[in-house]
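J.: Dropping in model32.txt, with compact mmCIF, C-alpha atoms.
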# COMPACT_ATOMS: atom_id res chain seq x y z
CA MET A 911 5.70 -207.47 82.99
CA TYR A 912 2.86 -204.98 83.48
CA SER A 913 0.09 -206.76 85.38
CA LYS A 914 -3.49 -205.55 85.28
CA LYS A 915 -3.83 -204.39 88.87
CA LYS A 916 -5.31 -201.03 89.76
CA VAL A 917 -2.68 -198.38 90.29
CA SER A 918 -3.36 -195.34 92.49
CA GLU A 919 -4.36 -192.04 90.93
CA ALA A 920 -1.30 -190.32 92.44
CA VAL A 921 1.07 -192.77 90.73
CA ILE A 922 -0.77 -192.46 87.42
CA LYS A 923 -0.41 -188.70 87.59
CA ARG A 924 3.34 -189.00 88.12
CA LEU A 925 3.90 -191.33 85.15
CA PRO A 926 3.75 -188.58 82.50
CA ARG A 927 6.26 -186.59 84.56
CA TYR A 928 8.63 -189.55 84.67
CA TYR A 929 8.16 -189.88 80.92
CA ARG A 930 8.92 -186.20 80.35
CA HIS A 931 11.99 -186.07 82.59
CA LEU A 932 13.39 -189.29 81.12
CA SER A 933 12.85 -187.92 77.59
CA GLU A 934 14.85 -184.84 78.56
CA LEU A 935 17.65 -187.08 79.86
CA ILE A 936 17.67 -188.98 76.54
CA ASP A 937 17.91 -185.66 74.67
CA ALA A 938 20.91 -184.84 76.90
CA ASN A 939 22.52 -188.24 76.05
CA ILE A 940 22.34 -189.52 79.61
CA GLU A 941 22.15 -193.32 79.63
CA ARG A 942 21.50 -194.25 83.22
CA ILE A 943 20.22 -192.63 86.38
CA SER A 944 19.98 -193.60 90.04
CA SER A 945 16.68 -193.50 91.89
CA THR A 946 18.17 -190.67 93.99
CA GLU A 947 18.93 -188.51 90.95
CA LEU A 948 15.60 -189.30 89.34
CA ALA A 949 13.85 -188.47 92.62
CA LYS A 950 15.56 -185.07 92.70
CA LYS A 951 14.26 -184.25 89.22
CA MET A 952 10.79 -185.41 90.19
CA ARG A 953 10.93 -183.56 93.51
CA ILE A 954 9.89 -186.67 95.43
CA THR A 955 11.90 -189.10 97.60
CA ALA A 956 14.04 -191.92 96.17
CA SER A 957 11.96 -194.42 98.09
CA GLN A 958 8.84 -193.00 96.42
CA VAL A 959 10.46 -193.47 92.99
CA ARG A 960 11.27 -197.11 93.77
CA GLN A 961 7.77 -197.66 95.13
CA ASP A 962 6.14 -196.05 92.07
CA LEU A 963 8.11 -198.12 89.60
CA ASN A 964 7.59 -201.32 91.60
CA ASN A 965 3.91 -200.98 90.72
CA PHE A 966 4.90 -201.97 87.21
CA GLY A 967 7.58 -204.52 87.99
CA GLY A 968 10.64 -202.53 89.04
CA PHE A 969 13.00 -201.87 86.05
CA GLY A 970 15.91 -200.85 88.32
CA GLN A 971 19.09 -202.80 89.04
CA GLN A 972 20.88 -202.62 92.38
CA GLY A 973 24.13 -200.68 92.02
CA TYR A 974 23.36 -199.59 88.46
CA GLY A 975 20.17 -197.59 88.69
CA TYR A 976 17.83 -197.27 85.75
CA ASN A 977 18.59 -197.51 82.06
CA VAL A 978 17.07 -194.22 80.95
CA ARG A 979 15.88 -195.26 77.49
CA LEU A 980 14.47 -198.62 78.59
CA LEU A 981 12.63 -197.03 81.48
CA ARG A 982 11.29 -194.22 79.29
CA ASP A 983 10.04 -196.69 76.69
CA GLU A 984 8.47 -198.97 79.31
CA ILE A 985 6.65 -196.03 80.88
CA GLY A 986 5.59 -195.02 77.38
CA ASN A 987 4.12 -198.50 76.89
CA ILE A 988 2.39 -198.34 80.26
CA LEU A 989 0.91 -194.98 79.31
CA GLY A 990 -0.26 -196.43 76.00
CA LEU A 991 1.91 -194.10 73.93
CA ASP A 992 3.13 -196.98 71.77
CA GLN A 993 -0.16 -196.89 69.87
CA GLU A 994 -1.49 -193.91 67.93
CA LEU A 995 -4.59 -192.32 69.41
CA GLY A 996 -6.85 -190.44 67.02
CA CYS A 997 -8.23 -187.18 68.44
CA ILE A 998 -10.72 -184.52 67.47
CA ILE A 999 -10.99 -181.03 68.93
CA ILE A 1000 -14.49 -179.73 69.59
CA GLY A 1001 -14.34 -175.96 69.37
CA GLY A 1002 -12.27 -174.01 66.83
CA GLY A 1003 -11.62 -171.01 69.08
CA ASN A 1004 -8.34 -169.81 70.60
CA LEU A 1005 -7.93 -172.79 72.87
CA GLY A 1006 -8.71 -175.21 70.05
CA HIS A 1007 -6.11 -173.45 67.91
CA ALA A 1008 -3.54 -173.55 70.71
CA ILE A 1009 -4.04 -177.30 71.15
CA ALA A 1010 -3.98 -177.97 67.40
CA ASN A 1011 -0.63 -176.17 67.25
CA TYR A 1012 0.91 -178.02 70.19
CA ARG A 1013 3.88 -179.90 68.74
CA ASN A 1014 4.43 -182.30 71.62
CA PHE A 1015 1.12 -184.09 71.18
CA ALA A 1016 2.05 -185.71 67.86
CA LYS A 1017 5.40 -186.79 69.32
CA ARG A 1018 3.52 -188.61 72.08
CA GLY A 1019 1.27 -190.50 69.64
CA PHE A 1020 -1.76 -188.21 69.74
CA LYS A 1021 -2.93 -187.50 66.20
CA ILE A 1022 -5.45 -184.70 65.87
CA LYS A 1023 -7.54 -185.56 62.82
CA GLY A 1024 -10.17 -182.86 62.78
CA ILE A 1025 -11.56 -179.78 64.49
CA PHE A 1026 -15.30 -179.11 64.81
CA ASP A 1027 -17.14 -175.83 65.14
CA ILE A 1028 -20.56 -174.37 64.36
CA ASP A 1029 -19.17 -171.04 63.11
CA GLU A 1030 -19.50 -170.97 59.29
CA ASN A 1031 -16.67 -168.41 59.14
CA VAL A 1032 -14.10 -170.92 60.34
CA VAL A 1033 -15.55 -174.14 58.86
CA GLY A 1034 -13.39 -175.15 55.89
CA THR A 1035 -10.26 -173.38 57.12
CA THR A 1036 -7.27 -175.30 58.51
CA VAL A 1037 -5.11 -174.99 61.63
CA ASN A 1038 -1.64 -176.50 61.49
CA GLY A 1039 -2.84 -178.54 58.50
CA ILE A 1040 -5.92 -179.82 60.37
CA LYS A 1041 -9.27 -179.06 58.78
CA ILE A 1042 -12.16 -177.43 60.64
CA TYR A 1043 -15.48 -179.18 59.91
CA HIS A 1044 -19.04 -178.30 60.84
CA THR A 1045 -20.19 -179.91 64.08
CA ASN A 1046 -23.08 -181.62 62.32
CA SER A 1047 -20.66 -183.95 60.54
CA MET A 1048 -18.86 -184.88 63.78
CA ILE A 1049 -20.58 -188.16 64.64
CA ASP A 1050 -19.98 -189.64 61.18
CA PHE A 1051 -16.39 -188.42 61.30
CA ILE A 1052 -15.78 -190.17 64.64
CA LYS A 1053 -17.14 -193.44 63.29
CA GLU A 1054 -15.35 -193.29 59.94
CA ASN A 1055 -11.94 -192.20 61.28
CA LYS A 1056 -11.66 -194.40 64.37
CA ILE A 1057 -11.42 -191.45 66.75
CA ASP A 1058 -10.39 -192.36 70.29
CA ILE A 1059 -10.34 -189.03 72.12
CA ALA A 1060 -12.66 -186.02 72.05
CA ILE A 1061 -11.09 -182.79 73.28
CA PHE A 1062 -13.72 -180.32 74.46
CA THR A 1063 -12.50 -176.73 74.31
CA ILE A 1064 -15.89 -175.00 74.25
CA PRO A 1065 -17.00 -173.30 77.44
CA THR A 1066 -20.74 -173.67 77.00
CA PRO A 1067 -23.25 -175.92 78.76
CA ALA A 1068 -23.79 -177.47 75.30
CA VAL A 1069 -20.89 -179.75 76.18
CA LYS A 1070 -23.08 -181.82 78.47
CA SER A 1071 -25.45 -182.89 75.72
CA MET A 1072 -22.62 -183.64 73.31
CA ILE A 1073 -20.93 -186.10 75.64
CA ASP A 1074 -23.55 -188.82 75.14
CA GLU A 1075 -23.36 -188.38 71.38
CA VAL A 1076 -19.60 -188.74 71.08
CA VAL A 1077 -19.53 -191.67 73.49
CA SER A 1078 -22.24 -193.46 71.49
CA ALA A 1079 -20.20 -192.85 68.35
CA GLY A 1080 -17.28 -194.75 69.85
CA ILE A 1081 -15.08 -192.24 71.70
CA LYS A 1082 -12.93 -193.98 74.33
CA GLY A 1083 -11.86 -191.00 76.42
CA ILE A 1084 -12.58 -187.31 76.94
CA TRP A 1085 -10.19 -184.45 77.61
CA ASN A 1086 -12.28 -181.64 79.00
CA PHE A 1087 -11.35 -177.95 79.21
CA SER A 1088 -14.87 -176.73 79.87
CA HIS A 1089 -15.40 -175.83 83.51
CA PHE A 1090 -17.98 -178.53 84.11
CA ASP A 1091 -17.09 -181.67 86.00
CA MET A 1092 -18.99 -183.97 83.74
CA GLU A 1093 -20.75 -187.20 84.53
CA ILE A 1094 -19.70 -189.67 81.91
CA PRO A 1095 -21.73 -192.71 80.93
CA LYS A 1096 -20.38 -196.21 80.42
CA ASN A 1097 -17.13 -195.85 82.37
CA ILE A 1098 -15.49 -193.71 79.74
CA PRO A 1099 -12.42 -192.05 81.28
CA ILE A 1100 -12.34 -188.28 81.43
CA VAL A 1101 -9.52 -185.95 82.37
CA ASN A 1102 -10.62 -182.44 83.30
CA VAL A 1103 -8.31 -179.46 82.91
CA HIS A 1104 -9.58 -176.75 85.20
CA LEU A 1105 -7.35 -173.80 84.45
CA SER A 1106 -8.96 -171.68 87.18
CA ASP A 1107 -8.06 -174.33 89.76
CA SER A 1108 -4.45 -174.17 88.72
CA LEU A 1109 -4.37 -170.38 88.93
CA MET A 1110 -6.06 -170.44 92.35
CA THR A 1111 -3.38 -172.80 93.60
CA LEU A 1112 -0.82 -170.20 92.58
CA ALA A 1113 -2.74 -167.49 94.44
CA TYR A 1114 -2.63 -169.65 97.56
CA LYS A 1115 1.10 -170.18 97.25
CA ILE A 1116 1.74 -166.46 96.77
CA GLN A 1117 -0.23 -165.68 99.90
CA GLU A 1118 1.47 -168.47 101.87
CA ASN A 1119 4.85 -167.17 100.73
CA GLU A 1120 4.00 -163.67 101.93
CA ASN A 1121 2.79 -164.98 105.29
CA PHE A 1122 6.00 -166.91 105.81
CA ASN A 1123 8.20 -164.00 104.80
CA ILE A 1124 6.66 -161.48 107.23
CA MET B 1001 -8.71 -168.81 112.35
CA TYR B 1002 -6.21 -169.68 109.61
CA SER B 1003 -2.86 -170.41 111.25
CA LYS B 1004 0.38 -170.17 109.36
CA LYS B 1005 1.32 -173.81 109.35
CA LYS B 1006 2.44 -175.60 106.19
CA VAL B 1007 -0.39 -177.44 104.49
CA SER B 1008 0.29 -180.44 102.26
CA GLU B 1009 0.42 -180.03 98.50
CA ALA B 1010 -2.46 -182.50 98.05
CA VAL B 1011 -4.76 -180.42 100.27
CA ILE B 1012 -3.75 -177.19 98.54
CA LYS B 1013 -4.62 -178.73 95.20
CA ARG B 1014 -8.07 -179.70 96.46
CA LEU B 1015 -8.93 -176.22 97.79
CA PRO B 1016 -9.77 -174.73 94.37
CA ARG B 1017 -12.03 -177.73 93.71
CA TYR B 1018 -13.85 -177.15 97.00
CA TYR B 1019 -14.17 -173.50 96.01
CA ARG B 1020 -15.58 -174.38 92.60
CA HIS B 1021 -18.07 -176.98 93.86
CA LEU B 1022 -19.25 -174.70 96.65
CA SER B 1023 -19.71 -171.85 94.14
CA GLU B 1024 -21.89 -174.15 92.04
CA LEU B 1025 -23.96 -174.97 95.13
CA ILE B 1026 -24.43 -171.25 95.82
CA ASP B 1027 -25.57 -170.75 92.23
CA ALA B 1028 -28.08 -173.55 92.83
CA ASN B 1029 -29.31 -171.79 96.04
CA ILE B 1030 -28.16 -174.61 98.33
CA GLU B 1031 -27.43 -173.23 101.81
CA ARG B 1032 -25.87 -176.11 103.67
CA ILE B 1033 -24.20 -179.41 102.91
CA SER B 1034 -23.00 -182.41 104.92
CA SER B 1035 -19.43 -183.63 104.69
CA THR B 1036 -20.83 -186.81 103.07
CA GLU B 1037 -22.57 -184.88 100.29
CA LEU B 1038 -19.58 -182.61 99.77
CA ALA B 1039 -17.30 -185.66 99.68
CA LYS B 1040 -19.45 -187.20 96.94
CA LYS B 1041 -19.09 -184.09 94.80
CA MET B 1042 -15.35 -184.02 95.43
CA ARG B 1043 -15.04 -187.78 94.81
CA ILE B 1044 -13.14 -188.28 98.07
CA THR B 1045 -14.24 -189.72 101.43
CA ALA B 1046 -16.19 -187.74 104.04
CA SER B 1047 -13.38 -188.30 106.50
CA GLN B 1048 -10.96 -186.78 103.99
CA VAL B 1049 -13.21 -183.71 103.68
CA ARG B 1050 -13.26 -183.24 107.45
CA GLN B 1051 -9.52 -183.78 107.64
CA ASP B 1052 -8.86 -181.28 104.83
CA LEU B 1053 -10.98 -178.56 106.38
CA ASN B 1054 -9.56 -179.19 109.85
CA ASN B 1055 -6.26 -177.92 108.46
CA PHE B 1056 -7.84 -174.49 108.48
CA GLY B 1057 -9.86 -174.71 111.64
CA GLY B 1058 -12.88 -176.85 110.82
CA PHE B 1059 -15.90 -174.71 109.77
CA GLY B 1060 -18.38 -177.62 110.18
CA GLN B 1061 -21.00 -178.07 112.88
CA GLN B 1062 -22.03 -181.48 114.16
CA GLY B 1063 -25.53 -182.34 112.96
CA TYR B 1064 -25.72 -179.32 110.66
CA GLY B 1065 -22.88 -179.76 108.21
CA TYR B 1066 -21.32 -176.81 106.46
CA ASN B 1067 -22.83 -173.43 105.67
CA VAL B 1068 -22.10 -173.35 101.92
CA ARG B 1069 -21.54 -169.61 101.53
CA LEU B 1070 -19.45 -169.21 104.68
CA LEU B 1071 -17.29 -172.17 103.75
CA ARG B 1072 -16.86 -170.94 100.15
CA ASP B 1073 -15.89 -167.46 101.34
CA GLU B 1074 -13.47 -168.83 103.95
CA ILE B 1075 -11.81 -171.04 101.34
CA GLY B 1076 -11.69 -168.01 99.04
CA ASN B 1077 -9.87 -166.11 101.79
CA ILE B 1078 -7.48 -168.98 102.35
CA LEU B 1079 -6.77 -169.07 98.62
CA GLY B 1080 -6.14 -165.34 98.66
CA LEU B 1081 -9.04 -164.58 96.31
CA ASP B 1082 -10.26 -161.74 98.53
CA GLN B 1083 -7.51 -159.52 97.12
CA GLU B 1084 -7.10 -158.60 93.45
CA LEU B 1085 -4.02 -160.05 91.80
CA GLY B 1086 -2.62 -158.19 88.80
CA CYS B 1087 -1.47 -160.46 85.97
CA ILE B 1088 0.33 -160.14 82.66
CA ILE B 1089 0.38 -162.69 79.86
CA ILE B 1090 3.71 -163.22 78.12
CA GLY B 1091 2.97 -164.40 74.60
CA GLY B 1092 0.13 -163.07 72.44
CA GLY B 1093 -0.46 -166.31 70.54
CA ASN B 1094 -3.47 -168.63 70.62
CA LEU B 1095 -2.95 -169.72 74.20
CA GLY B 1096 -2.43 -166.13 75.34
CA HIS B 1097 -5.66 -165.18 73.58
CA ALA B 1098 -7.52 -168.12 75.14
CA ILE B 1099 -6.39 -167.12 78.63
CA ALA B 1100 -7.16 -163.44 78.06
CA ASN B 1101 -10.70 -164.45 77.06
CA TYR B 1102 -11.28 -166.72 80.04
CA ARG B 1103 -14.17 -165.19 81.94
CA ASN B 1104 -13.71 -167.05 85.21
CA PHE B 1105 -10.35 -165.49 86.02
CA ALA B 1106 -11.73 -162.00 86.63
CA LYS B 1107 -14.48 -163.46 88.82
CA ARG B 1108 -11.79 -165.08 91.00
CA GLY B 1109 -9.89 -161.81 91.46
CA PHE B 1110 -7.27 -162.26 88.72
CA LYS B 1111 -7.04 -159.09 86.66
CA ILE B 1112 -5.09 -159.38 83.43
CA LYS B 1113 -3.60 -155.95 82.81
CA GLY B 1114 -1.46 -156.48 79.74
CA ILE B 1115 -0.21 -158.95 77.15
CA PHE B 1116 3.37 -158.91 75.84
CA ASP B 1117 4.73 -160.10 72.52
CA ILE B 1118 7.65 -159.39 70.19
CA ASP B 1119 5.54 -159.65 67.02
CA GLU B 1120 5.03 -156.10 65.66
CA ASN B 1121 1.89 -157.30 63.86
CA VAL B 1122 0.04 -157.91 67.11
CA VAL B 1123 1.60 -155.17 69.28
CA GLY B 1124 -1.00 -152.39 69.71
CA THR B 1125 -4.01 -154.65 69.16
CA THR B 1126 -6.32 -155.70 72.01
CA VAL B 1127 -7.77 -159.00 73.19
CA ASN B 1128 -10.93 -158.87 75.30
CA GLY B 1129 -10.12 -155.20 75.95
CA ILE B 1130 -6.56 -156.00 77.06
CA LYS B 1131 -3.77 -154.30 75.13
CA ILE B 1132 -0.82 -156.15 73.61
CA TYR B 1133 2.48 -154.35 74.29
CA HIS B 1134 5.99 -154.97 73.01
CA THR B 1135 8.06 -157.21 75.30
CA ASN B 1136 10.72 -154.54 75.69
CA SER B 1137 8.34 -152.44 77.80
CA MET B 1138 7.43 -155.35 80.06
CA ILE B 1139 9.77 -154.71 82.99
CA ASP B 1140 8.65 -151.09 83.37
CA PHE B 1141 5.04 -152.18 83.07
CA ILE B 1142 5.44 -154.73 85.88
CA LYS B 1143 6.94 -152.10 88.17
CA GLU B 1144 4.46 -149.35 87.33
CA ASN B 1145 1.32 -151.48 87.49
CA LYS B 1146 2.02 -153.58 90.58
CA ILE B 1147 1.87 -156.88 88.67
CA ASP B 1148 1.78 -159.98 90.88
CA ILE B 1149 1.63 -162.85 88.41
CA ALA B 1150 3.42 -163.52 85.11
CA ILE B 1151 1.68 -166.03 82.87
CA PHE B 1152 4.11 -167.62 80.41
CA THR B 1153 2.37 -168.94 77.30
CA ILE B 1154 5.37 -168.99 74.96
CA PRO B 1155 6.89 -172.37 74.19
CA THR B 1156 10.46 -171.27 73.58
CA PRO B 1157 13.60 -171.68 75.70
CA ALA B 1158 13.60 -167.87 75.90
CA VAL B 1159 11.34 -168.31 78.91
CA LYS B 1160 14.25 -169.34 81.08
CA SER B 1161 16.10 -166.07 80.68
CA MET B 1162 12.94 -164.02 81.19
CA ILE B 1163 12.18 -165.53 84.58
CA ASP B 1164 15.01 -163.70 86.36
CA GLU B 1165 13.96 -160.43 84.79
CA VAL B 1166 10.31 -160.58 85.81
CA VAL B 1167 11.19 -161.77 89.31
CA SER B 1168 13.64 -158.88 89.75
CA ALA B 1169 10.90 -156.52 88.60
CA GLY B 1170 8.68 -157.67 91.45
CA ILE B 1171 6.60 -160.61 90.21
CA LYS B 1172 5.33 -162.73 93.12
CA GLY B 1173 4.32 -165.88 91.28
CA ILE B 1174 4.58 -167.58 87.90
CA TRP B 1175 2.00 -169.58 85.98
CA ASN B 1176 3.90 -171.54 83.39
CA PHE B 1177 2.50 -173.19 80.26
CA SER B 1178 5.87 -173.70 78.59
CA HIS B 1179 7.03 -177.29 78.83
CA PHE B 1180 10.05 -176.50 80.96
CA ASP B 1181 10.08 -177.27 84.65
CA MET B 1182 11.76 -174.07 85.63
CA GLU B 1183 14.10 -173.36 88.48
CA ILE B 1184 12.88 -170.21 90.14
CA PRO B 1185 15.08 -167.92 92.19
CA LYS B 1186 14.19 -166.41 95.54
CA ASN B 1187 11.45 -168.83 96.53
CA ILE B 1188 8.96 -167.43 94.07
CA PRO B 1189 6.08 -169.90 93.70
CA ILE B 1190 5.47 -171.40 90.29
CA VAL B 1191 2.60 -173.53 89.05
CA ASN B 1192 3.36 -175.48 85.88
CA VAL B 1193 0.60 -176.54 83.51
CA HIS B 1194 1.92 -179.43 81.47
CA LEU B 1195 -0.86 -180.12 78.99
CA SER B 1196 0.96 -183.16 77.57
CA ASP B 1197 1.06 -184.74 81.03
CA SER B 1198 -2.68 -184.37 81.33
CA LEU B 1199 -3.29 -185.94 77.91
CA MET B 1200 -0.91 -188.81 78.70
CA THR B 1201 -2.88 -189.51 81.88
CA LEU B 1202 -5.96 -189.88 79.70
CA ALA B 1203 -4.11 -192.29 77.38
CA TYR B 1204 -3.23 -194.40 80.41
CA LYS B 1205 -6.82 -194.48 81.60
CA ILE B 1206 -8.10 -195.46 78.15
CA GLN B 1207 -5.66 -198.34 78.02
CA GLU B 1208 -6.43 -199.40 81.59
CA ASN B 1209 -10.13 -199.32 80.77
CA GLU B 1210 -9.61 -201.55 77.74
CA ASN B 1211 -7.53 -204.01 79.76
CA PHE B 1212 -10.22 -204.27 82.43
CA ASN B 1213 -13.02 -204.70 79.92
CA ILE B 1214 -11.44 -207.61 78.03
Could you take the file, read its structure, and then write that structure out as C-alpha cells?
T.:
Amino acid sequence: MYSKKKVSEAVIKRLPRYYRHLSELIDANIERISSTELAKKMRITASQVRQDLNNFGGFGQQGYGYNVRLLRDEIGNILGLDQELGCIIIGGGNLGHAIANYRNFAKRGFKIKGIFDIDENVVGTTVNGIKIYHTNSMIDFIKENKIDIAIFTIPTPAVKSMIDEVVSAGIKGIWNFSHFDMEIPKNIPIVNVHLSDSLMTLAYKIQENENFNI
Amino acid sequence: MYSKKKVSEAVIKRLPRYYRHLSELIDANIERISSTELAKKMRITASQVRQDLNNFGGFGQQGYGYNVRLLRDEIGNILGLDQELGCIIIGGGNLGHAIANYRNFAKRGFKIKGIFDIDENVVGTTVNGIKIYHTNSMIDFIKENKIDIAIFTIPTPAVKSMIDEVVSAGIKGIWNFSHFDMEIPKNIPIVNVHLSDSLMTLAYKIQENENFNI
C-alpha cells in the first residue's frame, strides 16, 4: 500500500503525532474515529488529515471513519517502528542519562544498547541497565552490535569529527542534541533537536500574547 | 516596524533558526549576507526568506542583502529576547539538570531562577548555581520572583493538575517535556517538546533512505 514516493517534510513531522494520539485512543479503548475528531486532536483541519493520510493510501472509509488500531499500526509501519532500531548515546552526562531513562523509546522500537563517554569516573557504570563504555571502543561496538542510530548529547565541537567515524562504522541515522547544524556525508539522515529554538518560540508566543492582550 | 498581525506558525518556528544562523555569522565576523546565501543556510528558498522577513517589515536592501547584526538583533526583538524572562524548572531529575546546565539559555535572556522537586534528597542542593526547592514553596516563589516561564520536566500525570496552579500564580508560558499535550487555560502559550516524535521522524527518514537506495 505504501508507495515509495517522496512525502513532504511537514507531513513526515505530523506522522509521529498521529501515532501518539492514536496510541492514546487505543489506551482509552476507542475503536474508531472520524477525520473531524482526529483533526481536532491534531489541531489541524479534517481536510488536512484526509490529505495527509492519502499520501500513504487513505485508510479511511466513508461513513465509518478510521479504525484506530489499524491506522495506528499502519502509521507505525510507515514510520519504521515495526523493526527494532539499535541506538547508542554519545555522552554520559545529564542529557544522556535523561534519554537512557526515557521509557517511551523502548516501546517505540528504539533499543539503546550502550552509552559512550570519555570520563573514566562514569565508564563502567550503568544507567537504566545500560552500560557506559569508553568512547575509544565505540566504533567496534557499532560494528559488532548492528547499531542504527547515534544519539549525540555532547555539546562540544568534537561532535563534528565524530560524525564521519560513526557513519563509516555503519550508522544509518543521527539524532543530534548538540547545537551544531551538522553537514552529514553520504545522505545519512539527521534530526536536530535545538532546545534553544524551542524555548525562543515560546518567548515569541508570550510576547505576542501580551501584545494582543493590551 | 513590527506590526501586531498574526504570523503563521511555520514562520514563527523558523525565526529561532534565523536567529541562530545569524549569530553564527556574527561570530564568524560576517557583516552582510544575501537572501540566497541565507536561504542556503536555512535550507529553504531565497523567495521564502524574503517572504518570511517581509512579515516583519523587510530589513533587506536591494543589491546589498541583509546587515547580519541588524537583522539578528531585530529578530531577537521580535522573539522577545531583548527582555529577560525568569524561568523555573519543575523536576530536579536528569532532564531538569540538563536544562539547568544549558549555557545557551542565559545568553538568549532566559534566566533560570529555581528548580522544584518533591524529593527531600535533592531539595537544598544546587545545579549550576541554581537552588533546588521543595515543590510546596513553588507558588509563592513564582509570585515573589516574577517568574514568566514554567519548564515541566517531570513525566507524571501530576503535571496536569500543576498547570492550573502555576498559571494562577502568574506564569505567562509553559515549556513542556512531559508527553502530554496539555490543555492550557486562559490562552497561556505552551510549547511541547515531544522527544519521541523527533526520534520517530528519524526512524521514518532511515527507512525512506533505505527504500530509495535499494
J.: Have a look at atom CA of B:Ala1150 and atom CA of B:Ile1174 and let me know their distance in Å, one decimal.
T.: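 Taking atom CA of B:Ala1150 and atom CA of B:Ile1174, their separation equals 5.1 Å.
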J.: I need the residue nearest chain A from this list: B:Lys1113, B:His1194, B:Arg1050, B:His1134. Use all atoms listed in the file for the distance.
T.: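 Smallest distance to chain A is found for B:His1194.
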J.: What gap, in Å, lies between atom CA of B:Tyr1102 and atom CA of B:Glu1084?
T.: 16.2 Å
J.: Provide the atom CA of A:Leu1105 to atom CA of A:Thr955 distance in Å, to one decimal place.
T.: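 These atoms are spaced 27.9 Å apart.
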J.: Could you list, as a VMD selection string, every residue of chain A that has an atom within 6 Å of an atom of chain B, counting only C-alpha atoms?
T.: chain A and resid 926 989 to 990 1004 to 1005 1008 1101 1107 1112 to 1114
J.: With all atoms listed in the file as the basis for distance, which of B:Leu1053, B:Asn1136, B:Gly1114, B:Leu1022 is at the shortest distance from B:Arg1069?
T.: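 Looking only at the distances to B:Arg1069, the closest residue turns out to be B:Leu1022.
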J.: Using only C-alpha atoms, find the one residue out of A:Ile940, A:Ala956, A:Gly1002, A:Ile1064 that sits nearest to A:Gly1034.
T.: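 Nearest candidate to A:Gly1034 out of A:Ile940, A:Ala956, A:Gly1002, A:Ile1064: A:Gly1002.
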J.: If we count all atoms listed in the file and set the cut-off at 10 Å, which residues sit around A:Lys1053, ignoring sequence neighbours fewer than 2 positions away in its own chain? Please answer as a list in words.
T.: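 These residues fall inside the cut-off: Met1048, Ile1049, Asp1050, Phe1051, Asn1055, Lys1056, Ile1057, Asp1058, Val1076, Ser1078, Ala1079, Gly1080 and Ile1081 of chain A.
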J.: Give me the residues within 12 Å of A:Val959 as a list in words, counting all atoms listed in the file and dropping any in the same chain fewer than 4 places off.
T.: Val921, Arg924, Leu925, Arg927, Tyr928, Ile943, Ser944, Ser945, Thr946, Glu947, Leu948, Ala949, Lys950, Lys951, Met952, Arg953, Ile954, Thr955, Leu963, Asn964, Asn965, Phe966, Gly968, Phe969, Gly970, Gly975 and Tyr976 of chain A
J.: Could I get stretch 1058-1068 of chain B rebuilt with N, CA, C and O atoms, written as a PDB file, keeping the file's coordinate frame?
T.:
ATOM      1  N   GLY B1058     -11.603-176.160 110.745  1.00  0.00           N
ATOM      2  CA  GLY B1058     -12.880-176.850 110.820  1.00  0.00           C
ATOM      3  C   GLY B1058     -13.996-176.291 109.978  1.00  0.00           C
ATOM      4  O   GLY B1058     -14.185-176.724 108.867  1.00  0.00           O
ATOM      5  N   PHE B1059     -14.745-175.330 110.438  1.00  0.00           N
ATOM      6  CA  PHE B1059     -15.900-174.710 109.770  1.00  0.00           C
ATOM      7  C   PHE B1059     -17.213-175.486 109.939  1.00  0.00           C
ATOM      8  O   PHE B1059     -18.276-174.919 109.850  1.00  0.00           O
ATOM      9  N   GLY B1060     -17.152-176.819 110.138  1.00  0.00           N
ATOM     10  CA  GLY B1060     -18.380-177.620 110.180  1.00  0.00           C
ATOM     11  C   GLY B1060     -19.001-177.638 111.554  1.00  0.00           C
ATOM     12  O   GLY B1060     -18.350-177.348 112.559  1.00  0.00           O
ATOM     13  N   GLN B1061     -20.312-177.944 111.606  1.00  0.00           N
ATOM     14  CA  GLN B1061     -21.000-178.070 112.880  1.00  0.00           C
ATOM     15  C   GLN B1061     -21.671-179.427 112.920  1.00  0.00           C
ATOM     16  O   GLN B1061     -22.418-179.786 112.000  1.00  0.00           O
ATOM     17  N   GLN B1062     -21.422-180.161 113.988  1.00  0.00           N
ATOM     18  CA  GLN B1062     -22.030-181.480 114.160  1.00  0.00           C
ATOM     19  C   GLN B1062     -23.539-181.402 113.970  1.00  0.00           C
ATOM     20  O   GLN B1062     -24.196-180.564 114.552  1.00  0.00           O
ATOM     21  N   GLY B1063     -24.075-182.267 113.138  1.00  0.00           N
ATOM     22  CA  GLY B1063     -25.530-182.340 112.960  1.00  0.00           C
ATOM     23  C   GLY B1063     -26.085-181.298 112.011  1.00  0.00           C
ATOM     24  O   GLY B1063     -27.265-181.336 111.662  1.00  0.00           O
ATOM     25  N   TYR B1064     -25.250-180.365 111.596  1.00  0.00           N
ATOM     26  CA  TYR B1064     -25.720-179.320 110.660  1.00  0.00           C
ATOM     27  C   TYR B1064     -24.981-179.433 109.332  1.00  0.00           C
ATOM     28  O   TYR B1064     -25.564-179.311 108.270  1.00  0.00           O
ATOM     29  N   GLY B1065     -23.703-179.732 109.414  1.00  0.00           N
ATOM     30  CA  GLY B1065     -22.880-179.760 108.210  1.00  0.00           C
ATOM     31  C   GLY B1065     -22.202-178.429 108.013  1.00  0.00           C
ATOM     32  O   GLY B1065     -21.887-177.732 108.978  1.00  0.00           O
ATOM     33  N   TYR B1066     -22.017-178.058 106.763  1.00  0.00           N
ATOM     34  CA  TYR B1066     -21.320-176.810 106.460  1.00  0.00           C
ATOM     35  C   TYR B1066     -22.277-175.786 105.888  1.00  0.00           C
ATOM     36  O   TYR B1066     -23.130-176.113 105.061  1.00  0.00           O
ATOM     37  N   ASN B1067     -22.124-174.540 106.317  1.00  0.00           N
ATOM     38  CA  ASN B1067     -22.830-173.430 105.670  1.00  0.00           C
ATOM     39  C   ASN B1067     -22.066-173.158 104.372  1.00  0.00           C
ATOM     40  O   ASN B1067     -20.887-172.788 104.390  1.00  0.00           O
ATOM     41  N   VAL B1068     -22.754-173.361 103.233  1.00  0.00           N
ATOM     42  CA  VAL B1068     -22.100-173.350 101.920  1.00  0.00           C
ATOM     43  C   VAL B1068     -21.398-172.017 101.651  1.00  0.00           C
ATOM     44  O   VAL B1068     -20.225-171.976 101.281  1.00  0.00           O
TER      45      VAL B1068
END
